[in-house]
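What follows is a short report on a single structure.
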Amino acid sequence: MRVWGPLTAVCLGTFMLLLDVTIVIVALPDMARALHASLSDLQWVVDGYALALAALLMGAGATADILGRRQVHVVGVVLFATASLLCGLASGPDTLVAARALQGVGAAAMLATTLPLLGSVYQGRQRSAALGVWGAVSGAAAAVGPVLGGLLAEGPGWRWIFYVNLPVSVVAVWLTLKAVPESRGPRGMRVDWAGTATFALFAGGTAYAVVRAGEDGWTASATLASFGLAAVALVCFVLAERRAQHPLLDLSLLRRPAFVGVMVGALAFNGVAFGVTPYLSIWMQTLLGMSPVRGGLTLLPMTVAAMVTAVVVGKRLHGVPARLTIGGGLLLIGAGCFCQAVLGAGSDWTALVPGFVLVGMGTGFVAPTVAGAALAAVEPARAGMAGGAVNTVRQLGYALGVAVFGTVVTSRMTDALPHEASHALAGGGAGALRGTFSEHTLRSAFASGLDAALVAAGCVGVVAAALVLALVRPSRASAAGVTESDVPALSEERATPRP
């Protein structure tokens with residue numbers, strides 16, 4: 001218990017919070033039918049969690065440095081469990097989205113404290129072993145999420161994808177209080193509340209504006225007002241960071257091309273690789289008639305390809321410049337999106353397999369190296385800040401990807417079908433429309449929307465790859481051998497892990 005109890009406690013929390021990023025994907029059609037949810041509602045079920053996690057991650061890390069990392073971690077688990085119960089009890093899409101956002105707040109507190117807690121407990125070889133186990137658990141959570149979600153949705157029902165968190169949370173809290181010692185950051189730290197609030201407003205306003213654009217159009221007053229609010233929030237964030245004594249992000253880092261390139265790659269990575277996946281799941285279950293379990297299993301080619309590639313990259317390509325692994329990985333992901341954009345009215349899920357494999361291979365190149373590249377772009381004293389920034393933009397990229405590509409799907413669908421028809425189709429009501437529209441028309445409309453979103457994702461991936469290849473160059477930090485696993489040892493300053 002004394003040796004591996006802290007690792008077990010931290011890994012339980014990590015597994016839960018990362019599982020909930022992907023576990024909802026295959027349950028979206030069942031949620032839509034049960035709660036009479038529209039496509040935009042389903043977007044927010046995914047985005048509410050990811051946005052709250054991204055917006056509060058760096059602020060939660062700073063708070064934990066002051067109040068105590070174990071205390072903040074336990075509060076995060078309790079909040080996460082409470083929100084999971086509320087998700088399971090939700091009677092409508094609005095309450096589900098609100099509960100998912102609350103889940104994201106708890107997840108931010110948990111994720112921000114994970115590596116600092118491990119770094120305060122383990123040293124030397126034990127630290128390396130602990131980080132290896134934690135990394136394996138993180139990968140496993142993403143891999144089993146869709147399959148476990150399918151099993152629960154098809155068995156006891158979609159609400160159990162949230163209820164299952166409750167007993168795990170009880171064990172995680174007990175074990176954390178029993179086995180994990182308290183630790184804090186350097187004295188004199190202050191929380192950048194202004195930066196945290198303005199960044200959250202910027203992220204939320206941007207995502208809301210994109211979702212509204214899918215429903216009302218890009219020139220609608222609500223859309224333009226939301227974009228305007230997001231722009232004002234971004235300006236206020238920049239001003240707050242310039243004046244803060246302990247900023248969330250030192251803006252001088254943005255004058256370093258390598259750091260900017262890594263941030264661009266991290267932002268694009270999660271959005272391009274996974275932003276269209278929820279809509280593919282809706283298509284497979286709503287129009288192809290797949291069960292939730294089978295829908296989850298269709299994602300296995302991507303998962304297996306990612307895991308195998310990551311192992312090969314770790315063993316064979318150690319020391320290869322990050323610009324090549326990240327840039328090359330994004331090119332593979334972009335190519336995979338293009339390969340998936342071949343859907344038509346008569347397509348089956350097997351048409352996606354070649355693209356899934358390419359996306360998985362690209363993920364295996366980018367995921368293990370992107371955080372280490374961020375650390376190599378800064379001096380060791382800024383390692384914690386760089387780690388927090390790269391994890392934040394990854395989650396933000398996923399949230400914006402879901403919003404942007406969902407808007408593309410909706411816009412293309414409404415070109416082929418009336419708005420009320422596309423609304424019902426997205427909400428799982430395709431059967432009710434078959435008396436008005438033919439099966440061929442419905443499948444053609446949805447396939448057209450998916451193809452447009454996949455082409456857009458592919459273009460973003462290629463552009464991001466070009467920027468990474470152009471901007472990311474070796475630095476003095478990389479020459480010193482800074483790697484992702486060094487985060488806890490390099491700095492006690494807001495070190496946060498890679499999702």
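Every chain in the structure tokens takes a letter, A first, then B, and so on in the order presented; its residues are numbered from 1, and the ligands are numbered from 1 following the presented order.
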Mind dumping a table of every range 133-181 of chain A residue within 12 Å of range 288-291 of chain A, with the nearest atom pair and its distance in Å to one decimal, using only C-alpha atoms, sorted by chain and rising number, as a tab-separated table?
residue	atom	partner	partner_atom	distance
A:Val147	CA	A:Ser291	CA	11.1
A:Gly149	CA	A:Ser291	CA	11.3
A:Gly150	CA	A:Ser291	CA	7.7
A:Leu151	CA	A:Ser291	CA	9.4
A:Leu152	CA	A:Ser291	CA	11.4
A:Ala153	CA	A:Ser291	CA	9.2
A:Glu154	CA	A:Ser291	CA	7.1
A:Gly155	CA	A:Ser291	CA	10.7
Find the residues of range 39-70 of chain A that sit at most 10 Å from range 75-90 of chain A; for each, write down the nearest two atoms and how far apart they are in Å, to one decimal. Count only C-alpha atoms. Sort by chain, then by number going up, and give it as a Markdown table.
| residue | atom | partner | partner_atom | distance |
| --- | --- | --- | --- | --- |
| A:Val45 | CA | A:Cys87 | CA | 9.9 |
| A:Ala60 | CA | A:Gly76 | CA | 9.6 |
| A:Arg69 | CA | A:Val75 | CA | 9.9 |
| A:Arg70 | CA | A:Val75 | CA | 8.6 |
Original post:
So, counting only C-alpha atoms, which residue among A:Ala108, A:Thr114, A:Gly48, A:Ala54 is closest to Thr8 in chain A?
Top reply: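 Nearest candidate to Thr8 in chain A out of A:Ala108, A:Thr114, A:Gly48, A:Ala54: A:Thr114.
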Subject >> Picked from range 304-351 of chain A by DSSP as helix (DSSP H, G or I), as a VMD selection string >> reply: chain A and resid 304 to 316 322 to 340 349 to 351
Would you mind exporting the chosen residues as a PDB file, in the first residue's frame, restricted to C-alpha atoms?
ATOM      1  CA  VAL A 304      -5.076  -0.812 -32.326  1.00  0.00           C
ATOM      2  CA  ALA A 305      -3.149   1.132 -34.974  1.00  0.00           C
ATOM      3  CA  ALA A 306      -2.496   3.940 -32.473  1.00  0.00           C
ATOM      4  CA  MET A 307      -1.238   1.579 -29.764  1.00  0.00           C
ATOM      5  CA  VAL A 308       1.038  -0.403 -32.084  1.00  0.00           C
ATOM      6  CA  THR A 309       2.479   2.741 -33.655  1.00  0.00           C
ATOM      7  CA  ALA A 310       3.086   4.347 -30.262  1.00  0.00           C
ATOM      8  CA  VAL A 311       5.087   1.299 -29.153  1.00  0.00           C
ATOM      9  CA  VAL A 312       7.163   1.373 -32.334  1.00  0.00           C
ATOM     10  CA  VAL A 313       7.759   5.119 -32.008  1.00  0.00           C
ATOM     11  CA  GLY A 314       8.881   4.694 -28.402  1.00  0.00           C
ATOM     12  CA  LYS A 315      11.307   1.874 -29.189  1.00  0.00           C
ATOM     13  CA  ARG A 316      12.603   2.693 -32.656  1.00  0.00           C
ATOM     14  CA  ALA A 322       9.661  16.207 -32.780  1.00  0.00           C
ATOM     15  CA  ARG A 323       8.880  18.274 -35.872  1.00  0.00           C
ATOM     16  CA  LEU A 324       8.989  15.054 -37.886  1.00  0.00           C
ATOM     17  CA  THR A 325       6.941  12.898 -35.511  1.00  0.00           C
ATOM     18  CA  ILE A 326       4.301  15.566 -34.878  1.00  0.00           C
ATOM     19  CA  GLY A 327       4.249  16.984 -38.402  1.00  0.00           C
ATOM     20  CA  GLY A 328       4.363  13.526 -40.004  1.00  0.00           C
ATOM     21  CA  GLY A 329       1.676  12.249 -37.627  1.00  0.00           C
ATOM     22  CA  LEU A 330      -0.635  15.144 -38.504  1.00  0.00           C
ATOM     23  CA  LEU A 331      -0.102  14.426 -42.199  1.00  0.00           C
ATOM     24  CA  LEU A 332      -1.140  10.812 -41.610  1.00  0.00           C
ATOM     25  CA  ILE A 333      -4.205  11.941 -39.658  1.00  0.00           C
ATOM     26  CA  GLY A 334      -5.150  14.380 -42.407  1.00  0.00           C
ATOM     27  CA  ALA A 335      -4.697  11.659 -45.031  1.00  0.00           C
ATOM     28  CA  GLY A 336      -6.853   9.335 -42.925  1.00  0.00           C
ATOM     29  CA  CYS A 337      -9.651  11.907 -42.848  1.00  0.00           C
ATOM     30  CA  PHE A 338      -9.489  12.272 -46.626  1.00  0.00           C
ATOM     31  CA  CYS A 339      -9.644   8.475 -46.998  1.00  0.00           C
ATOM     32  CA  GLN A 340     -12.806   8.361 -44.893  1.00  0.00           C
ATOM     33  CA  TRP A 349     -18.794   1.174 -42.063  1.00  0.00           C
ATOM     34  CA  THR A 350     -16.035  -0.858 -43.714  1.00  0.00           C
ATOM     35  CA  ALA A 351     -15.414   2.096 -46.051  1.00  0.00           C
TER      36      ALA A 351
END
**OP:** State, in Å with one decimal place, the distance from CA of Arg394 in chain A to CA of Ala52 in chain A.
**Re:** 12.7 Å
**OP:** Write out as a VMD selection string each polymer residue whose atoms come within 9 Å of Ser444 in chain A, counting only C-alpha atoms; drop sequence neighbours fewer than 5 positions from it.
**Re:** chain A and resid 343 to 346 413 416 439 449
Subject >> Proximity to Ser226 in chain A - best of A:Gly261, A:Pro380, A:Gly204, A:Gly214, only C-alpha atoms >> reply: A:Gly204
**OP:** Within 9 Å of Val260 in chain A, counting only C-alpha atoms, which residues show up once you throw out same-chain ones fewer than 5 positions away? Write them as a list in words, please.
**Re:** Leu253, Leu254, Arg255, Gly265, Ala374, Val468, Leu471 and Val472 of chain A
Subject >> Residue with smallest distance to Ala377 in chain A - pool A:Val133, A:Gly185, A:Phe162, A:Val390, counting only C-alpha atoms >> reply: A:Val390
**OP:** Pick out the residues sitting within 12 Å of Arg190 in chain A, and hand them over as JSON, numbers by chain; count only C-alpha atoms, and ignore anything fewer than 5 positions along from it in its own chain.
**Re:** {"A": [59, 60, 61, 62, 63, 64, 65, 66, 67, 185, 195, 244, 245, 246, 247, 248, 493, 494]}
